[in-house]
Amino acid sequence: MASVTGKRTPFIAGNWKMNLDHLQSIAFVQKLAWSLKDARHTFETVEVAVFPPFTDLRSVQTLVSADKYELKFGGQDVSAFDSGAYTGEISGAFLKALDCQYVIIGHSERRTLHNETDELIAAKVAAALKHGLVPVLCVGETAEDLEKHGPSAVPVAQLKAALAGVTVGADIVVAYEPVWAIGSGQAATPEQAEQVAAQLRLALVELIGQEAADATRILYGGSVKSSNIAGFMRQTNVDGALVGGASLDLAEFSSIVQFQKHVGT
């Protein structure tokens with residue numbers, strides 16, 4: 001719920017997915033920090049976070065802490081459980097101990113490849129908040145959903161299910177990721193993104209209250225590039241981007257972060 005002079009602080013997040021080992025992550029984060037420093041980027045104006053694989057997080061944490069980088073970082077998933085016999089799971093307590101501020105929850109790849117249900121995603125959101133992590137809650141529809149239900153119906157339903165047990169005022173980030181756009185090279189139009197983001201914000205008012213809804217950042221994700229980010233950032237209810245493939249390209253991701261130089265407003 002970061003804000004600058006009462007406005008929502010734009011947030012550019014890079015989801016590395018299953019890419020870059022811990023040594024590669026160190027090199028990438030160093031180069032990204034240097035690139036943004038050379039560009040005189042101010043993190044108070046546009047917040048930047050990366051989401052490396054779990055095996056990279058300790059290396060990223062050590063580097064960010066030692067060199068006092070202003071980059072934020074988070075996990076790509078979290079367990080609904082605190083500890084116990086859950087082989088392969090990662091507790092929110094572990095992420096918090098590594099200074100993670102954020103965690104991605106409900107990404108379309110988790111929903112489809114791992115069959116994650118709305119109920120499980122709600123439990124993960126609750127676990128993240130319990131451990132002081134800000135959930136980056138992903139919602140979105142397939143092409144089939146879009147045709148059958150129209151824009152916003154499925155993302156809004158997913159949002160309501162995931163936040164059903166969340167208290168008023170909860171600190172969250174919402175990422176609208178139309179599944180039909182992810183990795184396709186064909187992004188939604190800025191107007192399509194704004195239409196859904198506006199409906200998501202209305203739903204947030206019901207779920208977490210007007211003040212928190214006004215402060216919640218809503219990101220767009222799905223084939224985001226430096227050539228299209230400005231159009232999204234001109235929209236009233238789009239506050240940033242969850243960037244996939246382009247976040248692994250140093251020059252491209254740096255350019256996306258510096259969208260204000262080509263928004264023209």
# chains A, B, ... in the order shown; residues from 1 in each chain; ligands from 1

call {"tool": "residues_around", "arguments": {"residues": "Lys68 (chain A)", "least_positions_apart": "6", "cutoff": "12 Å", "atoms": "only C-alpha atoms", "output": "NGL selection string"}}
result
:A and (30 or 33 or 60-62)

call {"tool": "write_last_selection", "arguments": {"atoms": "C-alpha atoms", "output": "JSON list (two decimals), in the first residue's frame"}}
result
[["chain", "number", "residue", "atom", "x", "y", "z"],
["A", 30, "GLN", "CA", 24.00, -6.22, -9.51],
["A", 33, "ALA", "CA", 20.96, -1.99, -9.64],
["A", 60, "VAL", "CA", 19.75, -11.95, -3.39],
["A", 61, "GLN", "CA", 19.06, -11.03, 0.23],
["A", 62, "THR", "CA", 22.78, -11.00, 1.10]]

call {"tool": "residues_around", "arguments": {"residues": "Glu194 (chain A)", "least_positions_apart": "2", "cutoff": "7 Å", "atoms": "only C-alpha atoms", "output": "list in words"}}
result
Pro190, Glu191, Gln192, Val196, Ala197, Ala198, Gln235, Asn237 and Val238 of chain A

call {"tool": "write_last_selection", "arguments": {"atoms": "N, CA and C atoms", "output": "short mmCIF file (atom, residue, chain, number, x, y, z; two decimals), in the first residue's frame"}}
result
data_model
loop_
_atom_site.label_atom_id
_atom_site.label_comp_id
_atom_site.auth_asym_id
_atom_site.auth_seq_id
_atom_site.Cartn_x
_atom_site.Cartn_y
_atom_site.Cartn_z
N PRO A 190 -4.52 -1.43 -23.35
CA PRO A 190 -4.61 -0.67 -22.11
C PRO A 190 -6.06 -0.48 -21.66
N GLU A 191 -6.97 -0.31 -22.62
CA GLU A 191 -8.38 -0.12 -22.28
C GLU A 191 -8.98 -1.38 -21.68
N GLN A 192 -8.60 -2.56 -22.20
CA GLN A 192 -9.07 -3.82 -21.63
C GLN A 192 -8.56 -3.99 -20.20
N VAL A 196 -10.95 -4.08 -16.55
CA VAL A 196 -10.92 -5.12 -15.51
C VAL A 196 -10.40 -4.55 -14.20
N ALA A 197 -9.35 -3.73 -14.27
CA ALA A 197 -8.78 -3.16 -13.04
C ALA A 197 -9.81 -2.33 -12.29
N ALA A 198 -10.64 -1.59 -13.01
CA ALA A 198 -11.68 -0.78 -12.38
C ALA A 198 -12.68 -1.66 -11.65
N GLN A 235 -3.43 4.48 -17.53
CA GLN A 235 -4.78 4.14 -17.09
C GLN A 235 -4.97 4.46 -15.60
N ASN A 237 -6.62 3.02 -13.16
CA ASN A 237 -6.59 1.96 -12.16
C ASN A 237 -5.46 0.96 -12.33
N VAL A 238 -4.57 1.19 -13.28
CA VAL A 238 -3.40 0.32 -13.46
C VAL A 238 -2.20 1.01 -12.83
#

call {"tool": "residues_around", "arguments": {"residues": "Val243 (chain A)", "least_positions_apart": "5", "cutoff": "10 Å", "atoms": "only C-alpha atoms", "output": "list in words"}}
result
Ile12, Ala13, Gly14, Asn15, Trp16, Val50, Glu177, Ile182, Leu219, Tyr220, Gly221, Gly222, Ser223, Val224, Lys225, Leu248, Phe253 and Ile256 of chain A

call {"tool": "write_last_selection", "arguments": {"atoms": "N, CA and C atoms", "output": "mmCIF file, in the first residue's frame"}}
result
data_model
loop_
_atom_site.group_PDB
_atom_site.id
_atom_site.type_symbol
_atom_site.label_atom_id
_atom_site.label_comp_id
_atom_site.auth_asym_id
_atom_site.auth_seq_id
_atom_site.Cartn_x
_atom_site.Cartn_y
_atom_site.Cartn_z
ATOM 1 N N ILE A 12 6.718 -1.982 -10.329
ATOM 2 C CA ILE A 12 7.137 -2.858 -11.423
ATOM 3 C C ILE A 12 7.796 -4.087 -10.806
ATOM 4 N N ALA A 13 7.220 -5.253 -11.039
ATOM 5 C CA ALA A 13 7.678 -6.499 -10.434
ATOM 6 C C ALA A 13 8.118 -7.481 -11.515
ATOM 7 N N GLY A 14 9.262 -8.088 -11.324
ATOM 8 C CA GLY A 14 9.779 -9.057 -12.288
ATOM 9 C C GLY A 14 9.693 -10.473 -11.758
ATOM 10 N N ASN A 15 8.852 -11.289 -12.382
ATOM 11 C CA ASN A 15 8.710 -12.700 -12.006
ATOM 12 C C ASN A 15 9.649 -13.531 -12.876
ATOM 13 N N TRP A 16 10.730 -14.019 -12.276
ATOM 14 C CA TRP A 16 11.743 -14.772 -13.041
ATOM 15 C C TRP A 16 11.286 -16.177 -13.395
ATOM 16 N N VAL A 50 11.979 -7.934 -7.577
ATOM 17 C CA VAL A 50 12.217 -9.143 -8.366
ATOM 18 C C VAL A 50 11.771 -10.355 -7.547
ATOM 19 N N GLU A 177 -3.775 -10.790 -14.679
ATOM 20 C CA GLU A 177 -3.029 -11.459 -15.737
ATOM 21 C C GLU A 177 -3.979 -12.253 -16.622
ATOM 22 N N ILE A 182 -0.568 -14.122 -21.563
ATOM 23 C CA ILE A 182 0.730 -14.451 -20.972
ATOM 24 C C ILE A 182 1.587 -15.222 -21.967
ATOM 25 N N LEU A 219 -1.789 -4.341 -10.659
ATOM 26 C CA LEU A 219 -0.802 -4.476 -11.725
ATOM 27 C C LEU A 219 -1.430 -5.166 -12.925
ATOM 28 N N TYR A 220 -0.865 -4.903 -14.093
ATOM 29 C CA TYR A 220 -1.227 -5.676 -15.280
ATOM 30 C C TYR A 220 -0.060 -6.601 -15.603
ATOM 31 N N GLY A 221 -0.359 -7.824 -15.987
ATOM 32 C CA GLY A 221 0.675 -8.761 -16.414
ATOM 33 C C GLY A 221 0.210 -9.544 -17.626
ATOM 34 N N GLY A 222 1.109 -9.749 -18.560
ATOM 35 C CA GLY A 222 0.763 -10.505 -19.771
ATOM 36 C C GLY A 222 1.391 -9.874 -20.993
ATOM 37 N N SER A 223 2.589 -10.355 -21.371
ATOM 38 C CA SER A 223 3.315 -9.823 -22.534
ATOM 39 C C SER A 223 3.602 -8.326 -22.402
ATOM 40 N N VAL A 224 4.015 -7.921 -21.178
ATOM 41 C CA VAL A 224 4.419 -6.530 -20.941
ATOM 42 C C VAL A 224 5.806 -6.298 -21.524
ATOM 43 N N LYS A 225 5.957 -5.192 -22.233
ATOM 44 C CA LYS A 225 7.240 -4.827 -22.843
ATOM 45 C C LYS A 225 7.470 -3.331 -22.667
ATOM 46 N N LEU A 248 13.714 -10.904 -17.510
ATOM 47 C CA LEU A 248 15.004 -11.595 -17.599
ATOM 48 C C LEU A 248 15.952 -10.911 -18.570
ATOM 49 N N PHE A 253 13.940 -4.804 -19.064
ATOM 50 C CA PHE A 253 13.308 -4.601 -17.757
ATOM 51 C C PHE A 253 13.648 -3.216 -17.210
ATOM 52 N N ILE A 256 11.401 -0.812 -18.874
ATOM 53 C CA ILE A 256 10.035 -0.889 -18.344
ATOM 54 C C ILE A 256 9.942 -0.121 -17.028
#

call {"tool": "select_by_dssp", "arguments": {"residues": "region 111-245 of chain A", "states": "alpha helix (DSSP H)", "output": "MDAnalysis selection string"}}
result
chainID A and resid 111:113 118:130 143:149 153:162 190:208 210:215 229:233

call {"tool": "closest_residue", "arguments": {"among": "A:Ala193, A:Leu159, A:Ala123, A:Val136", "to": "Val205 (chain A)", "atoms": "only C-alpha atoms"}}
result
A:Leu159

call {"tool": "residues_around", "arguments": {"residues": "Glu70 (chain A)", "least_positions_apart": "4", "cutoff": "10 Å", "atoms": "only C-alpha atoms", "output": "list of chain:residue names"}}
result
A:Ala33, A:Thr42, A:Phe43, A:Glu44, A:Glu47, A:Val48, A:Ala49, A:Val64, A:Ser65

call {"tool": "closest_residue", "arguments": {"among": "A:Ala80, A:His107, A:Ile90, A:Tyr69", "to": "Phe54 (chain A)", "atoms": "only C-alpha atoms"}}
result
A:Ile90

call {"tool": "residues_around", "arguments": {"residues": "region 142-157 of chain A", "least_positions_apart": "4", "cutoff": "7 Å", "atoms": "only C-alpha atoms", "output": "PDB file with N, CA and C atoms, in the first residue's frame"}}
result
ATOM      1  N   ALA A 161     -12.981 -14.768  -3.881  1.00  0.00           N
ATOM      2  CA  ALA A 161     -12.723 -16.053  -3.220  1.00  0.00           C
ATOM      3  C   ALA A 161     -11.417 -16.004  -2.425  1.00  0.00           C
ATOM      4  N   PRO A 178      -4.405 -11.680 -17.728  1.00  0.00           N
ATOM      5  CA  PRO A 178      -5.233 -12.470 -18.646  1.00  0.00           C
ATOM      6  C   PRO A 178      -4.417 -13.639 -19.178  1.00  0.00           C
ATOM      7  N   VAL A 179      -4.865 -14.847 -18.903  1.00  0.00           N
ATOM      8  CA  VAL A 179      -4.099 -16.043 -19.278  1.00  0.00           C
ATOM      9  C   VAL A 179      -3.866 -16.091 -20.781  1.00  0.00           C
ATOM     10  N   TRP A 180      -4.814 -15.564 -21.524  1.00  0.00           N
ATOM     11  CA  TRP A 180      -4.703 -15.586 -22.978  1.00  0.00           C
ATOM     12  C   TRP A 180      -3.591 -14.672 -23.497  1.00  0.00           C
ATOM     13  N   VAL A 196     -10.951  -4.081 -16.549  1.00  0.00           N
ATOM     14  CA  VAL A 196     -10.919  -5.120 -15.513  1.00  0.00           C
ATOM     15  C   VAL A 196     -10.396  -4.551 -14.199  1.00  0.00           C
ATOM     16  N   GLN A 199     -13.051  -2.787 -12.252  1.00  0.00           N
ATOM     17  CA  GLN A 199     -13.986  -3.706 -11.608  1.00  0.00           C
ATOM     18  C   GLN A 199     -13.345  -4.383 -10.393  1.00  0.00           C
ATOM     19  N   LEU A 200     -12.063  -4.678 -10.489  1.00  0.00           N
ATOM     20  CA  LEU A 200     -11.354  -5.277  -9.352  1.00  0.00           C
ATOM     21  C   LEU A 200     -11.306  -4.290  -8.185  1.00  0.00           C
ATOM     22  N   ALA A 203     -14.572  -4.245  -6.399  1.00  0.00           N
ATOM     23  CA  ALA A 203     -14.705  -5.434  -5.554  1.00  0.00           C
ATOM     24  C   ALA A 203     -13.867  -5.292  -4.285  1.00  0.00           C
TER      25      ALA A 203
END

call {"tool": "closest_residue", "arguments": {"among": "A:Ser226, A:Gly245, A:Gly92, A:Asp118", "to": "Phe259 (chain A)", "atoms": "only C-alpha atoms"}}
result
A:Ser226

call {"tool": "residues_around", "arguments": {"residues": "Ala213 (chain A)", "least_positions_apart": "6", "cutoff": "10 Å", "atoms": "only C-alpha atoms", "output": "PDB file with C-alpha atoms, in the first residue's frame"}}
result
ATOM      1  CA  MET A   1       0.000   0.000   0.000  1.00  0.00           C
ATOM      2  CA  VAL A 168     -10.612  -4.738   6.320  1.00  0.00           C
ATOM      3  CA  GLY A 169      -7.478  -2.706   5.636  1.00  0.00           C
ATOM      4  CA  ALA A 170      -5.309  -5.651   4.535  1.00  0.00           C
ATOM      5  CA  ASP A 171      -2.146  -4.741   2.626  1.00  0.00           C
ATOM      6  CA  ILE A 172      -2.185  -6.561  -0.712  1.00  0.00           C
ATOM      7  CA  LEU A 200     -11.354  -5.277  -9.352  1.00  0.00           C
ATOM      8  CA  ARG A 201     -11.051  -2.027  -7.397  1.00  0.00           C
ATOM      9  CA  LEU A 202     -14.817  -1.885  -6.919  1.00  0.00           C
ATOM     10  CA  ALA A 203     -14.705  -5.434  -5.554  1.00  0.00           C
ATOM     11  CA  LEU A 204     -11.849  -4.464  -3.230  1.00  0.00           C
ATOM     12  CA  VAL A 205     -14.051  -1.773  -1.684  1.00  0.00           C
ATOM     13  CA  GLU A 206     -16.478  -4.513  -0.612  1.00  0.00           C
ATOM     14  CA  LEU A 207     -13.701  -6.790   0.618  1.00  0.00           C
TER      15      LEU A 207
END

call {"tool": "closest_residue", "arguments": {"among": "A:Leu32, A:Met18, A:Val134, A:Val174", "to": "Asp249 (chain A)", "atoms": "only C-alpha atoms"}}
result
A:Leu32

call {"tool": "closest_residue", "arguments": {"among": "A:Val78, A:Ala164, A:Ala188, A:Ala97", "to": "Glu141 (chain A)", "atoms": "only C-alpha atoms"}}
result
A:Ala188
